$ cat structure.tsv   # TSV, C-alpha atoms
chain	number	residue	atom	x	y	z
H	207	MET	CA	102.89	142.94	120.22
H	208	VAL	CA	102.22	139.65	118.43
H	209	THR	CA	100.54	137.10	120.67
H	210	THR	CA	99.16	133.63	120.31
H	211	SER	CA	95.46	133.50	119.73
H	212	SER	CA	94.89	129.77	119.85
H	213	SER	CA	96.69	126.47	120.43
H	214	ALA	CA	95.84	122.77	120.70
H	215	ALA	CA	97.61	119.50	121.44
H	216	VAL	CA	96.46	115.97	120.57
H	217	SER	CA	98.18	112.61	120.99
H	218	HIS	CA	96.95	109.17	119.92
H	219	VAL	CA	98.51	105.76	120.54
H	220	GLY	CA	97.77	104.73	116.95
H	221	ARG	CA	96.31	101.49	115.66
H	222	ILE	CA	99.28	99.19	116.22
H	223	ARG	CA	101.34	100.28	119.23
H	224	SER	CA	100.41	99.00	122.67
H	225	ASN	CA	101.49	102.15	124.54
H	226	ASN	CA	101.97	105.81	123.75
H	227	GLN	CA	105.63	106.81	123.77
H	228	ASP	CA	104.86	110.36	122.63
H	229	SER	CA	104.45	113.34	124.92
H	230	ALA	CA	103.54	116.93	124.19
H	231	TYR	CA	103.01	120.20	125.99
H	232	SER	CA	101.02	123.27	125.00
H	233	GLY	CA	101.39	126.25	127.31
H	234	ALA	CA	101.22	130.01	127.42
H	235	HIS	CA	104.57	130.59	125.72
H	236	LEU	CA	106.16	127.16	125.23
H	237	PHE	CA	105.16	124.28	122.99
H	238	LEU	CA	106.88	120.89	122.77
H	239	VAL	CA	106.65	117.45	121.17
H	240	ALA	CA	108.79	114.51	122.35
H	241	ASP	CA	108.82	111.07	120.73
H	242	GLY	CA	110.25	108.40	123.04
H	243	MET	CA	112.48	105.58	121.82
H	244	GLY	CA	113.40	102.32	123.46
H	245	GLY	CA	110.11	100.53	122.92
H	246	HIS	CA	108.85	98.86	126.08
H	247	ALA	CA	112.16	99.67	127.75
H	248	GLY	CA	111.00	103.18	128.56
H	249	GLY	CA	110.33	105.39	125.56
H	250	ASP	CA	107.17	106.63	127.25
H	251	VAL	CA	109.10	107.41	130.44
H	252	ALA	CA	111.76	109.32	128.52
H	253	SER	CA	109.34	111.55	126.62
H	254	ALA	CA	107.26	112.24	129.73
H	255	ILE	CA	110.30	113.23	131.82
H	256	VAL	CA	111.52	115.59	129.11
H	257	ALA	CA	108.11	117.19	128.53
H	258	GLN	CA	107.52	117.77	132.24
H	259	ARG	CA	111.02	119.14	132.84
H	260	VAL	CA	111.07	121.43	129.79
H	261	ALA	CA	107.58	122.74	130.62
H	262	GLU	CA	109.18	124.52	133.61
H	263	ALA	CA	110.66	126.95	131.07
H	264	ASP	CA	107.18	128.11	130.04
H	265	GLN	CA	107.32	131.75	131.07
H	266	SER	CA	107.67	135.22	129.64
H	267	TYR	CA	111.16	136.31	128.54
H	268	ALA	CA	112.57	139.75	128.00
H	269	ASN	CA	114.13	138.84	124.66
H	270	PRO	CA	114.43	135.82	122.39
H	271	HIS	CA	118.05	135.16	123.30
H	272	ASP	CA	117.10	134.65	126.95
H	273	ALA	CA	114.38	132.28	125.82
H	274	GLU	CA	116.83	130.42	123.57
H	275	PHE	CA	119.25	129.92	126.45
H	276	ALA	CA	116.45	128.83	128.81
H	277	LEU	CA	114.98	126.32	126.33
H	278	GLN	CA	118.36	124.82	125.49
H	279	SER	CA	119.28	124.64	129.18
H	280	ALA	CA	115.98	122.94	129.99
H	281	LEU	CA	116.64	120.27	127.38
H	282	ILE	CA	120.18	119.68	128.68
H	283	ALA	CA	118.79	119.42	132.23
H	284	ALA	CA	116.16	116.96	131.01
H	285	ASN	CA	118.92	114.92	129.39
H	286	SER	CA	120.74	114.71	132.72
H	287	LEU	CA	117.51	113.72	134.44
H	288	LEU	CA	117.10	110.85	131.98
H	289	ALA	CA	120.63	109.64	132.78
H	290	GLU	CA	119.85	109.75	136.50
H	291	THR	CA	116.63	107.81	135.95
H	292	VAL	CA	118.49	105.09	134.04
H	293	PHE	CA	121.05	104.91	136.88
H	294	GLU	CA	118.23	104.27	139.35
H	295	HIS	CA	116.29	101.96	137.00
H	296	SER	CA	118.79	99.90	135.02
H	297	GLU	CA	115.98	98.19	133.11
H	298	LEU	CA	115.49	101.50	131.27
H	299	THR	CA	119.00	101.48	129.82
H	300	GLY	CA	118.95	102.68	126.25
H	301	MET	CA	115.81	104.77	126.52
H	302	GLY	CA	115.75	108.16	124.88
H	303	THR	CA	113.55	110.68	123.16
H	304	THR	CA	113.44	113.29	120.48
H	305	ALA	CA	112.42	116.81	121.43
H	306	SER	CA	111.19	119.69	119.31
H	307	GLY	CA	110.15	122.80	121.20
H	308	MET	CA	109.53	126.47	120.64
H	309	ILE	CA	108.96	129.55	122.78
H	310	ARG	CA	107.15	132.61	121.47
H	311	VAL	CA	108.68	135.94	122.46
H	312	GLY	CA	106.67	138.78	120.97
H	313	GLY	CA	107.08	138.68	117.22
H	314	GLN	CA	109.78	136.02	117.26
H	315	MET	CA	109.83	132.26	117.73
H	316	VAL	CA	112.69	130.48	119.48
H	317	ILE	CA	113.29	126.94	118.22
H	318	ALA	CA	115.19	124.09	119.88
H	319	HIS	CA	115.34	120.66	118.29
H	320	ILE	CA	116.97	117.24	118.52
H	321	GLY	CA	115.87	114.02	116.79
H	322	ASP	CA	113.34	113.47	114.03
H	323	SER	CA	110.18	115.08	115.36
H	324	ARG	CA	109.41	118.15	113.29
H	325	ILE	CA	108.34	121.78	113.42
H	326	TYR	CA	106.56	123.34	110.44
H	327	ARG	CA	105.38	126.87	109.73
H	328	LEU	CA	102.46	127.59	107.41
H	329	ARG	CA	102.66	131.11	106.04
H	330	ASP	CA	100.65	132.50	103.13
H	331	GLY	CA	99.60	129.00	102.12
H	332	GLU	CA	103.19	127.67	101.99
H	333	LEU	CA	104.28	124.93	104.41
H	334	GLU	CA	107.94	125.10	105.44
H	335	GLN	CA	109.80	122.49	107.49
H	336	ILE	CA	111.74	124.47	110.07
H	337	THR	CA	113.73	121.65	111.67
H	338	ALA	CA	116.06	119.10	110.08
H	339	ASP	CA	115.83	115.41	110.97
H	340	HIS	CA	118.83	114.10	112.87
H	341	THR	CA	118.92	110.73	111.12
H	342	PHE	CA	121.53	108.93	109.09
H	343	VAL	CA	119.28	108.79	106.04
H	344	GLN	CA	118.76	112.56	106.23
H	345	ARG	CA	122.54	112.92	106.20
H	346	LEU	CA	122.61	110.83	103.04
H	347	VAL	CA	119.87	113.02	101.52
H	348	ASP	CA	121.73	116.22	102.46
H	349	SER	CA	124.89	114.89	100.80
H	350	GLY	CA	122.94	114.06	97.63
H	351	ARG	CA	123.62	110.34	97.88
H	352	ILE	CA	119.99	109.27	98.08
H	353	THR	CA	116.69	111.00	97.29
H	354	PRO	CA	113.99	111.92	99.83
H	355	GLU	CA	111.81	109.23	98.24
H	356	GLU	CA	114.53	106.63	98.83
H	357	ALA	CA	114.97	107.88	102.40
H	358	ALA	CA	111.27	107.30	103.11
H	359	VAL	CA	111.66	103.55	102.50
H	360	HIS	CA	115.29	103.12	103.53
H	361	PRO	CA	115.80	100.17	105.94
H	362	ARG	CA	117.90	102.38	108.25
H	363	ARG	CA	115.45	105.28	108.38
H	364	SER	CA	114.79	104.61	112.10
H	365	VAL	CA	118.42	105.17	113.09
H	366	LEU	CA	118.79	108.49	114.94
H	367	MET	CA	122.04	110.41	115.14
H	368	ARG	CA	121.04	112.67	118.03
H	369	VAL	CA	118.60	112.13	120.90
H	370	LEU	CA	118.14	112.94	124.55
H	371	GLY	CA	118.84	110.04	126.88
H	372	ASP	CA	121.55	108.11	128.67
H	373	VAL	CA	123.53	107.78	125.44
H	374	ASP	CA	125.17	111.22	125.33
H	375	ALA	CA	126.02	113.43	128.30
H	376	ALA	CA	126.32	116.54	126.10
H	377	PRO	CA	123.88	116.21	123.19
H	378	GLU	CA	124.06	118.76	120.39
H	379	ILE	CA	120.80	120.70	120.17
H	380	ASP	CA	119.85	122.83	117.18
H	381	THR	CA	118.52	126.28	118.04
H	382	LYS	CA	117.37	129.18	115.94
H	383	ILE	CA	115.30	132.34	116.21
H	384	LEU	CA	112.72	133.06	113.52
H	385	ASP	CA	110.20	135.80	113.02
H	386	THR	CA	106.50	135.14	113.33
H	387	ARG	CA	103.51	137.27	112.48
H	388	PRO	CA	99.72	137.22	112.61
H	389	GLY	CA	98.35	134.58	110.27
H	390	ASP	CA	101.21	132.12	110.81
H	391	ARG	CA	100.21	128.61	111.82
H	392	TRP	CA	102.88	126.53	113.58
H	393	LEU	CA	102.83	122.74	113.73
H	394	LEU	CA	104.89	120.46	115.96
H	395	CYS	CA	104.50	116.74	115.32
H	396	SER	CA	106.05	113.35	115.93
H	397	ASP	CA	107.03	111.17	112.99
H	398	GLY	CA	103.77	109.27	113.47
H	399	LEU	CA	102.31	112.08	111.37
H	400	SER	CA	105.16	113.17	109.10
H	401	SER	CA	106.14	109.61	108.10
H	402	TYR	CA	102.66	108.54	107.01
H	403	VAL	CA	100.88	111.68	105.80
H	404	ALA	CA	102.27	113.56	102.81
H	405	GLU	CA	103.33	117.16	103.36
H	406	GLU	CA	100.91	118.25	100.64
H	407	LYS	CA	98.03	116.77	102.65
H	408	ILE	CA	99.31	118.30	105.90
H	409	ALA	CA	99.51	121.70	104.23
H	410	SER	CA	96.00	121.33	102.80
H	411	ILE	CA	94.52	120.51	106.21
H	412	LEU	CA	96.37	123.33	107.97
H	413	GLN	CA	95.24	125.77	105.29
H	414	THR	CA	91.58	124.75	105.08
H	415	VAL	CA	90.57	123.63	108.59
H	416	THR	CA	89.86	126.58	110.87
H	417	GLY	CA	90.45	126.34	114.60
H	418	THR	CA	93.53	124.74	116.14
H	419	GLN	CA	91.65	121.92	117.86
H	420	ALA	CA	89.75	120.99	114.71
H	421	ALA	CA	92.94	121.07	112.64
H	422	ALA	CA	94.87	118.96	115.17
H	423	ASP	CA	92.06	116.40	115.34
H	424	ARG	CA	91.91	116.27	111.54
H	425	LEU	CA	95.64	115.65	111.22
H	426	VAL	CA	95.50	112.80	113.73
H	427	LYS	CA	92.51	111.33	111.92
H	428	GLU	CA	94.43	111.49	108.65
H	429	SER	CA	97.22	109.45	110.19
H	430	LEU	CA	94.67	106.96	111.56
H	431	ASP	CA	93.12	106.71	108.11
H	432	HIS	CA	96.56	105.71	106.81
H	433	GLY	CA	96.78	102.87	109.33
H	434	ALA	CA	98.64	104.84	112.06
H	435	PRO	CA	101.34	102.22	112.68
H	436	ASP	CA	103.07	104.58	115.12
H	437	ASN	CA	101.98	106.93	117.89
H	438	VAL	CA	100.92	110.27	116.44
H	439	THR	CA	101.14	113.59	118.28
H	440	VAL	CA	100.29	117.06	117.03
H	441	VAL	CA	100.60	120.53	118.56
H	442	ILE	CA	99.27	123.54	116.65
H	443	GLU	CA	99.68	127.21	117.48
H	444	ASP	CA	98.00	129.98	115.54
H	445	ILE	CA	99.53	133.45	115.70
H	446	GLY	CA	97.13	136.35	115.95
H	447	ASP	CA	96.94	139.81	117.43
H	448	VAL	CA	94.54	138.97	120.26
H	449	GLU	CA	95.85	137.04	123.24
H	450	ASP	CA	93.72	134.18	124.56
H	451	THR	CA	94.43	133.86	128.27
H	452	ALA	CA	91.68	131.28	128.88
H	453	ALA	CA	93.66	128.25	127.72
H	454	GLY	CA	95.85	126.72	130.42
H	455	PRO	CA	98.93	124.47	130.20
H	456	LEU	CA	98.14	121.09	128.67
H	457	PHE	CA	100.09	117.83	128.66
H	458	VAL	CA	99.08	115.03	126.29
H	459	GLY	CA	100.44	111.55	125.67
H	460	SER	CA	102.65	109.87	128.26
H	461	ALA	CA	103.34	113.16	130.04
H	462	ALA	CA	99.63	113.44	130.92
H	463	ALA	CA	99.77	110.29	133.08
H	464	PRO	CA	101.77	109.47	136.23
H	465	LEU	CA	105.23	108.06	135.50
H	466	SER	CA	105.35	104.27	135.52
H	467	PHE	CA	108.57	102.28	135.40
H	468	GLU	CA	106.88	98.93	134.82
H	469	ASN	CA	108.08	97.03	131.79
H	470	GLU	CA	104.91	96.65	129.76
H	471	THR	CA	105.28	93.68	127.41
H	472	ALA	CA	101.72	93.25	126.18
H	473	ARG	CA	101.04	94.24	122.61
H	474	ARG	CA	97.75	95.52	121.34
H	475	PRO	CA	96.27	93.00	118.92
H	476	ILE	CA	95.87	94.27	115.37
H	477	ARG	CA	92.20	94.70	114.61
H	478	LEU	CA	90.69	93.06	111.58
H	479	PRO	CA	89.46	96.35	110.01
H	480	THR	CA	93.02	97.69	110.18
H	481	LEU	CA	94.36	94.64	108.39
H	482	LEU	CA	91.68	94.84	105.73
H	483	LEU	CA	91.98	98.58	105.09
H	484	HIS	CA	95.75	98.89	105.47
H	485	PRO	CA	97.35	95.45	104.88
H	486	LEU	CA	100.76	96.91	104.07
H	487	LYS	CA	100.89	99.48	106.88
H	488	ALA	CA	99.19	97.52	109.66
H	489	THR	CA	102.45	96.09	110.95
H	490	GLN	CA	104.48	96.99	114.00
H	491	PRO	CA	106.91	99.71	112.85
H	492	GLU	CA	110.58	99.33	113.65
H	493	ASP	CA	111.46	101.17	116.84
H	494	ALA	CA	113.67	104.20	116.40
H	495	HIS	CA	117.06	103.75	117.99
H	496	PHE	CA	120.23	105.73	118.50
H	497	GLU	CA	123.57	104.79	116.99
H	498	PRO	CA	126.55	106.99	117.76
H	499	GLU	CA	128.16	108.48	114.70
H	500	ARG	CA	131.51	106.87	114.13
H	501	GLU	CA	134.18	107.14	111.47
H	502	GLY	CA	133.23	105.29	108.34
H	503	TYR	CA	129.57	104.80	109.27
H	504	LEU	CA	128.23	106.75	106.29
H	505	GLU	CA	130.53	104.77	104.01
H	506	GLU	CA	129.08	101.59	105.50
H	507	LEU	CA	125.57	102.83	104.76
H	508	LEU	CA	126.54	103.71	101.20
H	509	GLU	CA	128.12	100.30	100.69
H	510	GLU	CA	124.98	98.72	102.13
H	511	ASP	CA	122.89	100.76	99.68
H	512	ARG	CA	125.07	99.62	96.79
H	513	ARG	CA	124.70	95.97	97.80
H	514	ARG	CA	120.95	96.44	98.18
H	515	ALA	CA	120.77	98.10	94.75
H	516	ILE	CA	122.66	95.20	93.22
H	517	ARG	CA	120.34	92.72	94.92
H	518	ARG	CA	117.32	94.65	93.64
H	519	ARG	CA	118.78	94.70	90.12
H	520	VAL	CA	119.56	90.99	90.19
H	521	THR	CA	116.12	90.23	91.63
H	522	TRP	CA	114.48	92.33	88.91
H	523	ILE	CA	116.48	90.63	86.15
H	524	VAL	CA	115.69	87.17	87.54
H	525	ALA	CA	112.01	88.10	87.80
H	526	VAL	CA	111.97	89.33	84.19
H	527	VAL	CA	113.73	86.18	82.98
H	528	VAL	CA	111.34	83.96	84.92
H	529	ALA	CA	108.35	85.91	83.56
H	530	ILE	CA	109.62	85.64	79.99
H	531	ALA	CA	110.32	81.92	80.45
H	532	ALA	CA	106.83	81.42	81.84
H	533	ILE	CA	105.29	83.28	78.88
H	534	VAL	CA	107.35	81.27	76.38
H	535	ALA	CA	106.44	78.01	78.11
H	536	ALA	CA	102.77	78.97	78.09
H	537	VAL	CA	102.96	79.83	74.37
H	538	VAL	CA	104.72	76.55	73.52
H	539	ILE	CA	102.30	74.46	75.57
H	540	GLY	CA	99.35	76.34	74.11
H	541	TYR	CA	100.59	75.89	70.56
H	542	GLN	CA	101.24	72.19	71.12
H	543	TRP	CA	97.68	71.82	72.37
H	544	THR	CA	96.27	73.52	69.26
H	545	GLN	CA	98.22	71.08	67.05
H	546	SER	CA	96.45	68.15	68.71
H	547	ARG	CA	93.11	69.39	67.36
H	548	TYR	CA	91.57	68.71	63.88
H	549	TYR	CA	88.70	70.02	61.82
H	550	VAL	CA	87.30	69.75	58.28
H	551	GLY	CA	87.16	72.80	56.04
H	552	VAL	CA	87.71	74.10	52.51
H	553	ASP	CA	91.04	74.36	50.70
H	554	HIS	CA	90.95	75.81	47.17
H	555	GLY	CA	87.38	74.64	46.58
H	556	ARG	CA	87.96	71.16	47.93
H	557	VAL	CA	87.31	69.48	51.27
H	558	ALA	CA	90.43	69.18	53.42
H	559	VAL	CA	91.41	68.01	56.90
H	560	TYR	CA	93.06	70.78	58.92
H	561	ARG	CA	95.36	70.38	61.91
H	562	GLY	CA	95.02	73.05	64.60
H	563	VAL	CA	92.19	75.35	65.63
H	564	GLN	CA	90.10	77.70	63.55
H	565	GLN	CA	91.14	80.87	65.43
H	566	ASN	CA	94.19	82.96	64.60
H	567	VAL	CA	96.33	85.13	66.89
H	568	GLY	CA	96.79	88.31	64.92
H	569	PRO	CA	98.76	87.39	61.76
H	570	ILE	CA	99.73	84.01	63.20
H	571	LYS	CA	97.67	81.10	61.88
H	572	LEU	CA	97.05	78.28	64.30
H	573	SER	CA	96.06	75.71	61.68
H	574	SER	CA	97.31	74.21	58.42
H	575	VAL	CA	96.12	71.65	55.85
H	576	TYR	CA	96.91	68.21	57.17
H	577	GLN	CA	95.35	66.09	54.43
H	578	PRO	CA	93.78	67.39	51.19
H	579	THR	CA	91.04	65.46	49.40
H	580	THR	CA	89.60	65.33	45.90
H	581	ILE	CA	86.09	66.11	47.09
H	582	GLU	CA	84.80	69.20	45.30
H	583	VAL	CA	82.75	71.42	47.62
H	584	SER	CA	80.45	72.17	44.71
H	585	ASP	CA	79.49	68.46	44.60
H	586	LEU	CA	78.05	68.65	48.13
H	587	SER	CA	74.49	69.49	49.01
H	588	SER	CA	73.73	73.04	50.01
H	589	PHE	CA	73.43	72.06	53.67
H	590	GLU	CA	76.72	70.12	53.76
H	591	ARG	CA	78.50	72.81	51.73
H	592	GLN	CA	77.54	75.44	54.30
H	593	ASN	CA	78.76	73.21	57.15
H	594	VAL	CA	82.11	72.61	55.50
H	595	GLU	CA	82.57	76.31	54.69
H	596	ARG	CA	81.89	77.14	58.36
H	597	THR	CA	84.29	74.25	59.26
H	598	ILE	CA	83.33	71.07	61.10
H	599	ALA	CA	85.14	70.43	64.37
H	600	ALA	CA	86.41	66.89	65.00
H	601	ASN	CA	87.26	65.17	68.26
H	602	ASP	CA	90.52	63.79	66.81
H	603	LEU	CA	92.15	62.76	63.52
H	604	ARG	CA	90.10	59.55	63.24
H	605	ASP	CA	86.90	61.56	63.70
H	606	ALA	CA	88.04	64.05	61.01
H	607	LEU	CA	88.73	61.25	58.53
H	608	ALA	CA	85.34	59.76	59.29
H	609	ILE	CA	83.71	63.12	58.48
H	610	VAL	CA	85.60	63.16	55.16
H	611	ASP	CA	84.38	59.64	54.34
H	612	ARG	CA	80.83	60.71	55.04
H	613	LEU	CA	81.18	63.74	52.80
H	614	GLN	CA	82.77	61.55	50.08
H	615	ASN	CA	79.78	59.21	50.16
H	616	ALA	CA	77.37	62.14	50.12
H	617	ALA	CA	79.08	63.69	47.09
H	618	GLY	CA	79.08	60.37	45.23
H	619	ALA	CA	75.41	59.80	45.95
H	620	LYS	CA	74.58	63.28	44.58
H	621	GLN	CA	76.44	62.52	41.38

$ encode --input "structure.tsv" --output "structure tokens"
Amino acid sequence: MVTTSSSAAVSHVGRIRSNNQDSAYSGAHLFLVADGMGGHAGGDVASAIVAQRVAEADQSYANPHDAEFALQSALIAANSLLAETVFEHSELTGMGTTASGMIRVGGQMVIAHIGDSRIYRLRDGELEQITADHTFVQRLVDSGRITPEEAAVHPRRSVLMRVLGDVDAAPEIDTKILDTRPGDRWLLCSDGLSSYVAEEKIASILQTVTGTQAAADRLVKESLDHGAPDNVTVVIEDIGDVEDTAAGPLFVGSAAAPLSFENETARRPIRLPTLLLHPLKATQPEDAHFEPEREGYLEELLEEDRRRAIRRRVTWIVAVVVAIAAIVAAVVIGYQWTQSRYYVGVDHGRVAVYRGVQQNVGPIKLSSVYQPTTIEVSDLSSFERQNVERTIAANDLRDALAIVDRLQNAAGAKQ
């Protein structure tokens, strides 16, 4: 018999959000993460209702198929409860939540999932994402139309295709049954972790940090270190061969507090350290929202992507043209300035007035002979000859001609 040896659940409001819309449950057999949507209109209420209702399915099952049916039924019942709540509290219209849960039955794990929260399994050092995000951008990724990197920054990445709530009376819930064995480490998390911490870093923490509580705390801290614009919730279960019966059921996040239907409108002020350390991430993230899939919607997204790509290309071309124009203008202005300067130097053994500056830019000379003279450098004194050979800077053309006159007189006096 394979049993769980340790589990932990942690939820944090993050550095930007004013309330925690995540909920999670860690029990004897059942584990769940729910990420509420609807902002101040009731995302916290939705996730809490679902977590508390689904937690009733936390019990021992004879086989994984019974557990699969019970978990799916609990989620459908929770969906109906959300609809009833919206009927009684119309101000909560539009609220919803994701839900990713699993029930351990001996050596197998029963999975049920809807939304974009995730379940991972770490086995033999390899992290595998078990669930698939129910988002429009994930659909585009699956169809090969955009890359995962493009999906991470796509402007419609917060649009969910499937959620629990008052939006769909019969939501489609993914279920599957997978094997599990001693040494496996399971992770359930909201997108407050998966959207801001790279999977490579998540895998490294899960592989190196011993103890479920320590690993969960470390993952949350990693999200906070990245600015934590969203709520972040983590549930970890380690599979071993010794059952730990000391740990009791645990709710975290919104589900850990009494339900409140007040419309909280206050927003937590962004702290200065957050702005300084994470200026690009310390902004209120766009709230996830549900949009029913309709005919032609993916084509609309693709057309929107094409228009955005064209705008990016045009913007890039304009920026390059402007940059080149600025460089050319700077070169022209700089060259014109150099041609307003004069100095006295040597040209083929004779003193000459040069226009420009003494320095060169690579092979490009920034000066030329403006006015040659008949003054032989050899007719000058040693001191004056050295000065001319090193060049004598002049304030302007009149000053340069005055220097030449002085040198002319000096050469004549020597003769």

$ residues_around --input "structure.tsv" --residues "H:Ser587" --least-positions-apart "5" --cutoff "10 Å" --atoms "all atoms listed in the file" --output "list in words"
Gln592, Asn593, Leu613, Ala616, Ala617 and Lys620 of chain H

$ write_last_selection --input "structure.tsv" --atoms "C-alpha atoms" --output "mmCIF file, keeping the file's coordinate frame"
data_model
loop_
_atom_site.group_PDB
_atom_site.id
_atom_site.type_symbol
_atom_site.label_atom_id
_atom_site.label_comp_id
_atom_site.auth_asym_id
_atom_site.auth_seq_id
_atom_site.Cartn_x
_atom_site.Cartn_y
_atom_site.Cartn_z
ATOM 1 C CA GLN H 592 77.540 75.440 54.300
ATOM 2 C CA ASN H 593 78.760 73.210 57.150
ATOM 3 C CA LEU H 613 81.180 63.740 52.800
ATOM 4 C CA ALA H 616 77.370 62.140 50.120
ATOM 5 C CA ALA H 617 79.080 63.690 47.090
ATOM 6 C CA LYS H 620 74.580 63.280 44.580
#

$ closest_residue --input "structure.tsv" --among "H:Leu333, H:Leu277, H:Val365, H:Ala463" --to "H:Arg345" --atoms "only C-alpha atoms"
H:Val365

$ residues_around --input "structure.tsv" --residues "H:His340" --least-positions-apart "5" --cutoff "9 Å" --atoms "all atoms listed in the file" --output "list in words"
Ile320, Gly321, Asp322, Arg345, Val365, Leu366, Met367, Arg368 and Val369 of chain H

$ atom_distance --input "structure.tsv" --atom1 "atom CA of H:Thr579" --atom2 "atom CA of H:Ala558"
5.5 Å

$ residues_around --input "structure.tsv" --residues "H:Thr291" --least-positions-apart "5" --cutoff "12 Å" --atoms "all atoms listed in the file" --output "PyMOL selection string"
chain H and resi 248+251-252+255-256+284-286+296-302+371-372+465-467

$ decode --input "structure.tsv" --residues "stretch 348-389 of chain H" --atoms "C-alpha atoms" --output "mmCIF file, in the first residue's frame"
data_model
loop_
_atom_site.group_PDB
_atom_site.id
_atom_site.type_symbol
_atom_site.label_atom_id
_atom_site.label_comp_id
_atom_site.auth_asym_id
_atom_site.auth_seq_id
_atom_site.Cartn_x
_atom_site.Cartn_y
_atom_site.Cartn_z
ATOM 1 C CA ASP H 348 -1.693 23.372 -28.901
ATOM 2 C CA SER H 349 -2.607 24.163 -32.510
ATOM 3 C CA GLY H 350 0.949 25.358 -33.197
ATOM 4 C CA ARG H 351 -0.120 28.901 -33.996
ATOM 5 C CA ILE H 352 1.907 30.570 -31.262
ATOM 6 C CA THR H 353 4.818 29.440 -29.084
ATOM 7 C CA PRO H 354 4.711 28.961 -25.300
ATOM 8 C CA GLU H 355 6.988 32.007 -25.011
ATOM 9 C CA GLU H 356 4.489 34.091 -26.989
ATOM 10 C CA ALA H 357 1.640 32.736 -24.858
ATOM 11 C CA ALA H 358 3.384 33.932 -21.685
ATOM 12 C CA VAL H 359 3.149 37.562 -22.828
ATOM 13 C CA HIS H 360 -0.002 37.355 -24.939
ATOM 14 C CA PRO H 361 -2.513 40.141 -24.117
ATOM 15 C CA ARG H 362 -5.345 37.573 -23.932
ATOM 16 C CA ARG H 363 -3.537 35.136 -21.657
ATOM 17 C CA SER H 364 -6.027 35.849 -18.835
ATOM 18 C CA VAL H 365 -9.024 34.666 -20.861
ATOM 19 C CA LEU H 366 -10.263 31.303 -19.538
ATOM 20 C CA MET H 367 -12.257 28.861 -21.618
ATOM 21 C CA ARG H 368 -13.548 26.764 -18.728
ATOM 22 C CA VAL H 369 -14.249 27.671 -15.096
ATOM 23 C CA LEU H 370 -16.644 26.890 -12.290
ATOM 24 C CA GLY H 371 -19.212 29.604 -11.653
ATOM 25 C CA ASP H 372 -22.532 31.015 -12.772
ATOM 26 C CA VAL H 373 -21.376 31.047 -16.393
ATOM 27 C CA ASP H 374 -21.917 27.384 -17.282
ATOM 28 C CA ALA H 375 -24.450 25.021 -15.736
ATOM 29 C CA ALA H 376 -22.587 21.937 -17.005
ATOM 30 C CA PRO H 377 -18.865 22.715 -17.094
ATOM 31 C CA GLU H 378 -16.535 20.208 -18.735
ATOM 32 C CA ILE H 379 -14.056 18.863 -16.187
ATOM 33 C CA ASP H 380 -10.910 16.969 -17.156
ATOM 34 C CA THR H 381 -10.309 13.784 -15.179
ATOM 35 C CA LYS H 382 -7.624 11.145 -15.327
ATOM 36 C CA ILE H 383 -6.128 8.383 -13.214
ATOM 37 C CA LEU H 384 -2.350 8.147 -12.929
ATOM 38 C CA ASP H 385 -0.036 5.887 -11.027
ATOM 39 C CA THR H 386 2.008 7.170 -8.119
ATOM 40 C CA ARG H 387 4.810 5.589 -6.168
ATOM 41 C CA PRO H 388 7.122 6.285 -3.232
ATOM 42 C CA GLY H 389 9.449 9.148 -4.033
#
